[in-house]
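One structure is given below, encoded as structure tokens.
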Amino acid sequence: MIDNINNNKEKMIRIIVADDHKLFRSGLISLLEDEKDFFIVGEADNGEELLQLYFDLKPDVIVVDISMPFLNGVEALAELKKKDKNVKALFVSMHDTEEYIYYAMKNGAYGLISKNIMKGELTYAIRAANDGKQYFGQNWPEEKLKELYNRFEFLSGKKNDNKPNLSPREREILKNIGEGLTSSEIATRVHLSKRTVDAHRAHIMRKLEVTTLPELMKYAIKYLQMGKNNSQE
């Protein structure tokens, strides 16, 4: 009987869920606990806590939000990969545009899916990550993902030397925009008023010569990637 229990545990997928929104995190954990082959070994509400839990609990898959305090999901994944190149991360985010998919792929994630998906697709994505397979949603087969990645690599290579004259505060705001934070969330993080953050956002858009939020988001994500690449050189 004991041997059967041990065998069942060996087949289970050990999961850590990391998201700074407690209500969403609790709901997600409740959904996943219904799956017989899933075992939730821990939960974290920020990137630093995720780092500690990962090496203490050694999960098979981490299900992690991109926008989190202290370390965002991508930064946490980068730190984990320094010690464990085989870490399997699945991002679950409100942001699943092409820019974010590229950002996730560039940093070694096994998937990025929207928080609005159905439970069945979420559990499929977790099992795919556990098996070492990528899953970025039904609209992104392997060939289409390769095309997207190569396209953004080309665009990033062409624009790496395009560094706008932003102040340190503006660079901080731009980094937070790239992480998907709203003006209110940025204001809380950097201890400014929302009105001041909106003013900085307007100045940044003028300096970058962009006129729409999608254009700003696209540049912000590229700016994050450029900073990460420069820190590794």
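How things are named: the first chain in the structure tokens is A, the next is B, and so on; residues count from 1 in each chain; ligands count from 1 in the order shown.
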Within 10 Å of His200 of chain A, counting only C-alpha atoms, which residues show up once you throw out same-chain ones fewer than 6 positions away? Write them as number ranges by chain, please.
A: 167, 169-171, 173-174, 183, 194, 206
Kindly export the residues of the current selection with C-alpha atoms, as a compact mmCIF listing (two decimals), in the first residue's frame.
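Once written, result.txt looks like this:
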```txt
# COMPACT_ATOMS: atom_id res chain seq x y z
CA SER A 167 15.87 60.74 -17.14
CA ARG A 169 12.91 58.51 -13.24
CA GLU A 170 11.55 58.17 -16.79
CA ARG A 171 13.60 55.00 -17.32
CA ILE A 173 8.60 54.44 -15.25
CA LEU A 174 9.29 52.90 -18.67
CA SER A 183 -0.29 54.11 -13.77
CA LYS A 194 -0.88 58.78 -10.31
CA ARG A 206 6.87 62.57 -26.63
```
Within 12 Å of Lys146 of chain A, counting only C-alpha atoms, which residues qualify if same-chain residues fewer than 2 places away don't, as a list in words?
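The neighbour list is Glu98, Ile101, Tyr102, Met105, Lys106, Gln134, Phe136, Trp140, Pro141, Glu142, Glu143, Lys144, Leu148, Tyr149, Asn150, Arg151, Phe152 and Glu153 of chain A.
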Output the selection as a PDB file, in the first residue's frame - C-alpha atoms for each residue.
```pdb
ATOM      1  CA  GLU A  98       3.095  39.360 -29.446  1.00  0.00           C
ATOM      2  CA  ILE A 101       5.115  36.304 -26.019  1.00  0.00           C
ATOM      3  CA  TYR A 102       8.515  37.245 -27.450  1.00  0.00           C
ATOM      4  CA  MET A 105      10.303  33.141 -25.092  1.00  0.00           C
ATOM      5  CA  LYS A 106      13.478  35.232 -24.999  1.00  0.00           C
ATOM      6  CA  GLN A 134       6.125  25.080 -25.179  1.00  0.00           C
ATOM      7  CA  PHE A 136       1.554  29.884 -25.874  1.00  0.00           C
ATOM      8  CA  TRP A 140       0.442  29.893 -31.668  1.00  0.00           C
ATOM      9  CA  PRO A 141       1.630  26.640 -33.280  1.00  0.00           C
ATOM     10  CA  GLU A 142       5.370  25.963 -33.347  1.00  0.00           C
ATOM     11  CA  GLU A 143       6.061  27.421 -36.797  1.00  0.00           C
ATOM     12  CA  LYS A 144       4.174  30.623 -36.018  1.00  0.00           C
ATOM     13  CA  LEU A 148       7.354  35.696 -34.323  1.00  0.00           C
ATOM     14  CA  TYR A 149      10.602  35.136 -32.439  1.00  0.00           C
ATOM     15  CA  ASN A 150      12.784  35.659 -35.520  1.00  0.00           C
ATOM     16  CA  ARG A 151      10.856  38.798 -36.476  1.00  0.00           C
ATOM     17  CA  PHE A 152      11.315  40.391 -33.060  1.00  0.00           C
ATOM     18  CA  GLU A 153      14.981  39.363 -32.944  1.00  0.00           C
TER      19      GLU A 153
END
```
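Residue nearest Ala78 of chain A within the list A:Pro214, A:Tyr103, A:Asp34, A:Thr196: A:Tyr103 [criterion: smallest interatomic distance, only C-alpha atoms].
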Residues near Phe24 of chain A, anyone? I mean within 12 Å using only C-alpha atoms, not counting same-chain ones fewer than 3 positions away, as an MDAnalysis selection string.
chainID A and resid 17:21 27:31 43 45 64:65 92:94 115:116
Per DSSP on the backbone, filter segment 27-226 of chain A down to the residues in strand (DSSP E) and report them as a PyMOL selection string.
chain A and resi 38-44+61-64+89-93+111-114
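Residues with any atom within 10 Å of Lys11 of chain A, counting only C-alpha atoms and excluding same-chain neighbours fewer than 6 positions away, are Lys36, Asp37, Phe38 and Phe39 of chain A.
Of the listed residues (A:Glu172, A:Glu147, A:Asp131, A:Glu49), A:Asp131 comes nearest to Ala89 of chain A; the distances count only C-alpha atoms.
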Members of segment 97-216 of chain A assigned alpha helix (DSSP H) by DSSP, as a ChimeraX atom specification:
/A:98-106,119-130,142-159,168-178,183-190,194-208,213-216
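Of the listed residues (A:Gln225, A:Gln52, A:Thr97, A:Ser67), A:Ser67 comes nearest to Glu185 of chain A; the distances count only C-alpha atoms.
In this comparison, which uses only C-alpha atoms, the residue of A:Thr188, A:Gln138, A:Asn46, A:Thr123 approaching Ile13 of chain A most closely is A:Thr123.
Nearest residue to Glu99 of chain A among A:Leu145, A:Met68, A:Val210, A:Ala129 is A:Leu145, counting only C-alpha atoms.
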Using only C-alpha atoms, which of the listed residues (A:Asn72, A:Lys88, A:Ser26, A:Ile117) sits closest to Tyr54 of chain A?
A:Lys88
